[in-house]
>>> print(open('input-v9.csv').read())   # CSV, C-alpha atoms
chain,number,residue,atom,x,y,z
A,1,THR,CA,-21.9,3.5,4.2
A,2,MET,CA,-20.1,6.2,6.0
A,3,ALA,CA,-18.3,5.1,9.2
A,4,THR,CA,-20.1,7.4,11.5
A,5,PHE,CA,-23.5,6.0,10.3
A,6,ALA,CA,-22.3,2.4,10.4
A,7,SER,CA,-21.1,2.7,14.0
A,8,THR,CA,-23.7,5.0,15.6
A,9,ARG,CA,-26.9,5.2,13.6
A,10,ALA,CA,-26.9,1.4,12.9
A,11,LEU,CA,-25.4,0.4,16.2
A,12,GLU,CA,-28.4,-1.5,17.7
A,13,THR,CA,-28.8,-3.5,14.4
A,14,VAL,CA,-25.0,-4.2,14.3
A,15,LYS,CA,-25.0,-5.3,18.0
A,16,ILE,CA,-28.1,-7.5,18.0
A,17,ASP,CA,-28.5,-8.8,14.4
A,18,LEU,CA,-24.8,-9.2,13.5
A,19,ALA,CA,-22.6,-9.4,16.6
A,20,TYR,CA,-25.0,-11.3,18.9
A,21,ALA,CA,-26.0,-13.6,16.1
A,22,ASN,CA,-22.3,-13.9,15.1
A,23,LEU,CA,-23.2,-13.6,11.4
A,24,PRO,CA,-20.4,-13.4,8.8
A,25,VAL,CA,-21.3,-9.9,7.6
A,26,ARG,CA,-18.7,-7.4,6.4
A,27,ILE,CA,-19.3,-3.8,7.2
A,28,ALA,CA,-17.4,-1.6,4.8
A,29,ALA,CA,-17.2,1.8,6.5
A,30,THR,CA,-15.9,4.6,4.3
A,31,HIS,CA,-15.1,8.3,5.2
A,32,SER,CA,-13.6,7.3,8.5
A,33,GLY,CA,-11.9,9.7,11.0
A,34,LEU,CA,-11.8,13.2,9.5
A,35,SER,CA,-11.8,12.2,5.9
A,36,ALA,CA,-15.3,13.7,5.4
A,37,GLY,CA,-13.9,16.9,7.0
A,38,ASN,CA,-15.6,19.1,4.5
A,39,LEU,CA,-19.0,18.0,5.7
A,40,GLY,CA,-18.4,19.0,9.4
A,41,PRO,CA,-18.8,17.3,12.8
A,42,THR,CA,-22.0,15.4,11.8
A,43,HIS,CA,-19.9,13.3,9.4
A,44,HIS,CA,-16.6,13.0,11.3
A,45,SER,CA,-16.1,9.5,12.6
A,46,LEU,CA,-14.0,9.7,15.7
A,47,GLU,CA,-15.8,7.1,17.8
A,48,ASP,CA,-16.2,4.0,15.6
A,49,LEU,CA,-13.1,2.1,16.7
A,50,ALA,CA,-14.2,2.4,20.3
A,51,ILE,CA,-17.7,1.3,19.6
A,52,MET,CA,-16.9,-1.6,17.3
A,53,ARG,CA,-14.0,-3.2,19.3
A,54,LEU,CA,-16.3,-3.4,22.3
A,55,LEU,CA,-18.8,-5.7,20.5
A,56,PRO,CA,-18.2,-9.5,21.1
A,57,ASN,CA,-17.5,-11.5,18.0
A,58,MET,CA,-16.5,-8.4,16.0
A,59,THR,CA,-13.2,-8.2,14.1
A,60,VAL,CA,-12.0,-4.6,13.5
A,61,LEU,CA,-9.7,-3.8,10.6
A,62,ALA,CA,-8.1,-0.5,9.7
A,63,PRO,CA,-5.9,-0.8,6.6
A,64,ALA,CA,-3.3,1.9,5.9
A,65,ASP,CA,-3.2,1.8,2.1
A,66,ALA,CA,-5.0,0.3,-1.0
A,67,ALA,CA,-2.9,-2.9,-1.1
A,68,GLY,CA,-3.6,-3.5,2.5
A,69,THR,CA,-7.3,-3.0,2.0
A,70,VAL,CA,-7.4,-5.5,-0.8
A,71,SER,CA,-5.4,-8.1,1.2
A,72,LEU,CA,-7.4,-7.7,4.4
A,73,PHE,CA,-10.7,-7.9,2.5
A,74,GLU,CA,-9.6,-11.1,0.8
A,75,GLN,CA,-8.4,-12.6,4.1
A,76,CYS,CA,-11.6,-11.7,6.0
A,77,ARG,CA,-14.0,-13.4,3.6
A,78,ASP,CA,-13.7,-16.7,5.4
A,79,LEU,CA,-13.6,-15.4,8.9
A,80,PRO,CA,-16.4,-16.4,11.2
A,81,GLY,CA,-18.5,-13.6,12.6
A,82,PRO,CA,-18.9,-10.0,11.6
A,83,VAL,CA,-16.0,-7.7,10.4
A,84,TYR,CA,-15.8,-3.9,10.6
A,85,LEU,CA,-13.5,-2.7,7.8
A,86,ARG,CA,-12.6,1.0,8.4
A,87,LEU,CA,-11.8,2.8,5.2
A,88,ASP,CA,-10.6,6.3,4.3
A,89,ARG,CA,-12.2,8.6,1.7
A,90,LYS,CA,-9.5,9.3,-0.9
A,91,PRO,CA,-6.3,7.7,-2.2
A,92,THR,CA,-3.2,8.0,0.0
A,93,PRO,CA,0.4,7.0,-0.6
A,94,GLY,CA,1.2,3.3,-0.4
A,95,LEU,CA,3.4,1.8,2.4
A,96,PRO,CA,7.0,0.8,1.6
A,97,VAL,CA,7.2,-1.9,-1.0
A,98,ASP,CA,9.5,-4.0,1.2
A,99,ALA,CA,7.0,-4.1,4.1
A,100,PRO,CA,6.2,-7.7,5.3
A,101,PRO,CA,2.9,-9.2,4.1
A,102,ILE,CA,-0.1,-8.1,5.9
A,103,ARG,CA,-2.0,-10.7,8.1
A,104,ILE,CA,-5.2,-10.3,10.1
A,105,GLY,CA,-4.3,-10.4,13.8
A,106,GLN,CA,-0.6,-9.7,13.3
A,107,ALA,CA,0.9,-6.2,13.5
A,108,GLN,CA,2.9,-5.3,10.4
A,109,PRO,CA,6.4,-4.1,11.3
A,110,LEU,CA,7.4,-1.2,9.1
A,111,ARG,CA,10.6,-0.1,10.8
A,112,GLN,CA,12.9,-1.5,13.5
A,113,GLY,CA,14.2,0.4,16.5
A,114,ASP,CA,14.9,-0.2,20.2
A,115,ASP,CA,14.3,3.2,21.8
A,116,VAL,CA,10.6,3.8,21.3
A,117,LEU,CA,7.7,1.9,19.7
A,118,LEU,CA,5.2,3.8,17.5
A,119,VAL,CA,1.9,1.8,17.2
A,120,CYS,CA,-0.5,3.2,14.6
A,121,CYS,CA,-3.5,2.4,12.4
A,122,GLY,CA,-5.0,4.0,9.4
A,123,PRO,CA,-3.5,5.8,6.4
A,124,TYR,CA,-2.4,9.1,7.7
A,125,PRO,CA,-1.3,8.0,11.2
A,126,VAL,CA,0.9,5.3,9.7
A,127,LEU,CA,2.5,7.7,7.2
A,128,MET,CA,3.0,10.3,10.0
A,129,ALA,CA,4.6,7.7,12.2
A,130,LEU,CA,7.0,6.8,9.5
A,131,GLU,CA,7.9,10.4,8.9
A,132,ALA,CA,8.3,10.9,12.7
A,133,ALA,CA,10.6,7.9,12.9
A,134,GLU,CA,12.8,9.4,10.2
A,135,SER,CA,13.1,12.7,12.1
A,136,LEU,CA,13.8,10.9,15.3
A,137,ALA,CA,16.6,8.9,13.6
A,138,ALA,CA,18.3,12.2,12.8
A,139,ARG,CA,18.3,12.9,16.5
A,140,GLY,CA,19.8,9.5,17.3
A,141,VAL,CA,16.6,8.0,18.5
A,142,GLN,CA,15.7,4.7,16.8
A,143,ALA,CA,11.9,4.2,16.6
A,144,ALA,CA,10.2,1.0,15.7
A,145,VAL,CA,6.9,1.4,13.7
A,146,LEU,CA,4.0,-1.1,13.9
A,147,ASN,CA,1.1,-0.9,11.6
A,148,MET,CA,-1.7,-2.2,13.9
A,149,HIS,CA,-4.2,-2.7,11.1
A,150,THR,CA,-6.1,-5.2,13.2
A,151,VAL,CA,-7.5,-3.3,16.1
A,152,LYS,CA,-9.4,-6.4,17.3
A,153,PRO,CA,-8.0,-8.9,18.0
A,154,LEU,CA,-5.0,-6.9,19.0
A,155,ASP,CA,-1.6,-8.4,18.4
A,156,GLU,CA,-0.4,-8.6,22.1
A,157,LEU,CA,2.7,-10.6,21.2
A,158,ALA,CA,4.0,-7.8,19.0
A,159,LEU,CA,3.6,-5.4,21.9
A,160,ALA,CA,5.2,-7.8,24.3
A,161,GLY,CA,8.2,-8.2,22.0
A,162,SER,CA,9.5,-4.8,23.0
A,163,HIS,CA,10.3,-3.1,26.3
A,164,ALA,CA,10.5,0.4,24.9
A,165,PRO,CA,8.0,3.2,25.8
A,166,VAL,CA,5.0,3.2,23.4
A,167,VAL,CA,3.4,6.0,21.4
A,168,THR,CA,0.0,5.2,19.8
A,169,VAL,CA,-1.2,7.2,16.8
A,170,GLU,CA,-4.8,7.2,15.4
A,171,GLU,CA,-7.3,9.3,13.5
A,172,HIS,CA,-9.8,8.9,16.4
A,173,TRP,CA,-10.6,10.4,19.7
A,174,ARG,CA,-7.9,9.5,22.2
A,175,SER,CA,-10.5,7.6,24.3
A,176,GLY,CA,-11.6,4.1,23.4
A,177,GLY,CA,-9.7,3.5,20.2
A,178,LEU,CA,-6.3,2.0,19.4
A,179,GLY,CA,-4.5,3.9,22.2
A,180,SER,CA,-6.9,2.7,24.8
A,181,ALA,CA,-6.7,-0.9,23.5
A,182,VAL,CA,-2.9,-0.8,23.7
A,183,ALA,CA,-2.9,0.8,27.1
A,184,GLU,CA,-5.3,-1.9,28.4
A,185,VAL,CA,-2.9,-4.6,27.3
A,186,LEU,CA,0.2,-2.9,28.8
A,187,ALA,CA,-1.4,-1.5,32.0
A,188,GLU,CA,0.0,-4.3,34.2
A,189,THR,CA,3.5,-4.2,32.7
A,190,GLY,CA,4.5,-0.7,33.7
A,191,ARG,CA,5.2,0.4,30.1
A,192,ARG,CA,4.8,4.0,29.4
A,193,VAL,CA,2.0,4.7,26.8
A,194,LEU,CA,1.4,8.1,25.3
A,195,ARG,CA,-1.6,8.5,22.9
A,196,VAL,CA,-1.6,10.8,19.9
A,197,GLY,CA,-5.1,11.3,18.7
A,198,VAL,CA,-7.9,13.9,18.6
A,199,PRO,CA,-8.6,15.5,22.0
A,200,ASP,CA,-11.9,15.0,23.8
A,201,ARG,CA,-13.9,17.6,21.9
A,202,PHE,CA,-15.7,18.0,18.6
A,203,VAL,CA,-13.8,19.3,15.6
A,204,SER,CA,-16.2,22.2,15.1
A,205,MET,CA,-15.2,23.2,11.6
A,206,ALA,CA,-15.2,21.9,8.1
A,207,GLY,CA,-12.0,21.5,6.2
A,208,ASP,CA,-9.5,19.3,4.5
A,209,GLN,CA,-8.6,16.1,6.3
A,210,GLN,CA,-4.9,16.8,6.7
A,211,PHE,CA,-5.6,20.3,7.9
A,212,LEU,CA,-8.1,19.1,10.5
A,213,LEU,CA,-5.7,16.4,11.7
A,214,GLU,CA,-2.9,18.9,12.2
A,215,ARG,CA,-5.3,21.3,13.9
A,216,SER,CA,-6.3,18.4,16.2
A,217,GLY,CA,-2.7,17.6,17.1
A,218,VAL,CA,-2.3,14.6,15.0
A,219,SER,CA,0.9,15.1,13.0
A,220,ALA,CA,4.4,13.8,12.5
A,221,GLU,CA,5.7,16.6,14.7
A,222,SER,CA,3.3,15.7,17.6
A,223,ILE,CA,4.4,12.1,17.3
A,224,GLU,CA,8.0,13.0,17.5
A,225,ALA,CA,7.4,15.3,20.5
A,226,ALA,CA,5.4,12.5,22.3
A,227,ALA,CA,8.2,10.0,21.6
A,228,LEU,CA,10.8,12.4,23.1
A,229,ARG,CA,8.6,13.1,26.1
A,230,ALA,CA,8.1,9.3,26.7
A,231,LEU,CA,11.9,8.8,26.6
A,232,GLU,CA,12.5,11.7,29.0
A,233,GLU,CA,9.9,10.5,31.5
>>> encode(input="input-v9.csv", output="structure tokens")
Amino acid sequence: TMATFASTRALETVKIDLAYANLPVRIAATHSGLSAGNLGPTHHSLEDLAIMRLLPNMTVLAPADAAGTVSLFEQCRDLPGPVYLRLDRKPTPGLPVDAPPIRIGQAQPLRQGDDVLLVCCGPYPVLMALEAAESLAARGVQAAVLNMHTVKPLDELALAGSHAPVVTVEEHWRSGGLGSAVAEVLAETGRRVLRVGVPDRFVSMAGDQQFLLERSGVSAESIEAAALRALEE
């Protein structure tokens, strides 16, 4: 079903019948983020990562392209407990063909760099982060890009492997999602974390997904600006 219905309308059932019972049920949640933007705020799903990652026993996956979706689905079949698989609505470009294999629980490095770390999940945030990294390179800033397709359990080792400031990118409200998960892990390390996501308000219009993302401040340009700000501060 649509992500907003799977995470809100069905929440009590998911919490008690699936998570509490620790049943091996896979929830395929389509139309995540703003991908149902033409249907307006009732169908926007900007809260589901926050909700699902808080449930004990729940694995939360957010693939960034079709190949990643197939791979994560095949890998999760034998996992114990429930899985929330966050899917987009329409086809998006694939990730670089030379990207390392995708593994549940392990962030996928898409680009190396020592100056700033871009941590992202979902199709458009990952593509935007790669675009921003290219633009930063033209400025002499080397940005690493991590596809954090597994939001829970979060790959803490991948985050600990860098000492650079972090910019998180997600198609989700800034509160409670990937950015919050990363900030929780890094809170005691003193690392700078800036979050690129949808502000704390409803997107009160209908429109194309990419248009709504840009209107909400989720774009390659905003990622680049956040990275430069993190380096300056």
>>> residues_around(input="input-v9.csv", residues="A:Ile16", least_positions_apart="3", cutoff="12 Å", atoms="all atoms listed in the file", output="PyMOL selection string")
chain A and resi 10-13+19-23+55-58+82
>>> closest_residue(input="input-v9.csv", among="A:Ala220, A:Val151, A:Met205, A:Val25", to="A:Pro80", atoms="all atoms listed in the file")
A:Val25
>>> atom_distance(input="input-v9.csv", atom1="atom CA of A:Val126", atom2="atom CA of A:Glu74")
21.4 Å
>>> atom_distance(input="input-v9.csv", atom1="atom CA of A:Leu95", atom2="atom CA of A:Val70")
13.4 Å
>>> closest_residue(input="input-v9.csv", among="A:Ala28, A:Leu87, A:Leu49, A:Leu186", to="A:Gly161", atoms="all atoms listed in the file")
A:Leu186
>>> closest_residue(input="input-v9.csv", among="A:Ala64, A:Val145, A:Glu171, A:Lys152", to="A:Glu131", atoms="all atoms listed in the file")
A:Val145
>>> closest_residue(input="input-v9.csv", among="A:Val193, A:Leu154, A:Ala187, A:Ala227", to="A:Arg139", atoms="only C-alpha atoms")
A:Ala227
>>> atom_distance(input="input-v9.csv", atom1="atom CA of A:Leu72", atom2="atom CA of A:Val167")
24.4 Å
>>> residues_around(input="input-v9.csv", residues="stretch 31-37 of chain A", least_positions_apart="4", cutoff="7 Å", atoms="only C-alpha atoms", output="list in words")
Met2, Ala3, His43, His44, Ser45, Leu46, Arg86, Leu87, Asp88, Arg89, Glu171, His172, Ala206, Gly207, Asp208 and Gln209 of chain A
>>> residues_near_point(input="input-v9.csv", point="(16.5, 2.4, 19.0)", cutoff="9 Å", atoms="only C-alpha atoms", output="ChimeraX atom specification")
/A:112-117,137,140-144,164
>>> closest_residue(input="input-v9.csv", among="A:Leu194, A:Ser219, A:Thr8, A:Asp78", to="A:Thr42", atoms="all atoms listed in the file")
A:Thr8
>>> residues_around(input="input-v9.csv", residues="stretch 199-202 of chain A", least_positions_apart="3", cutoff="7 Å", atoms="all atoms listed in the file", output="MDAnalysis selection string")
chainID A and resid 41 173:174 216
>>> closest_residue(input="input-v9.csv", among="A:Val203, A:Leu79, A:Met128, A:Leu39", to="A:Arg215", atoms="all atoms listed in the file")
A:Val203
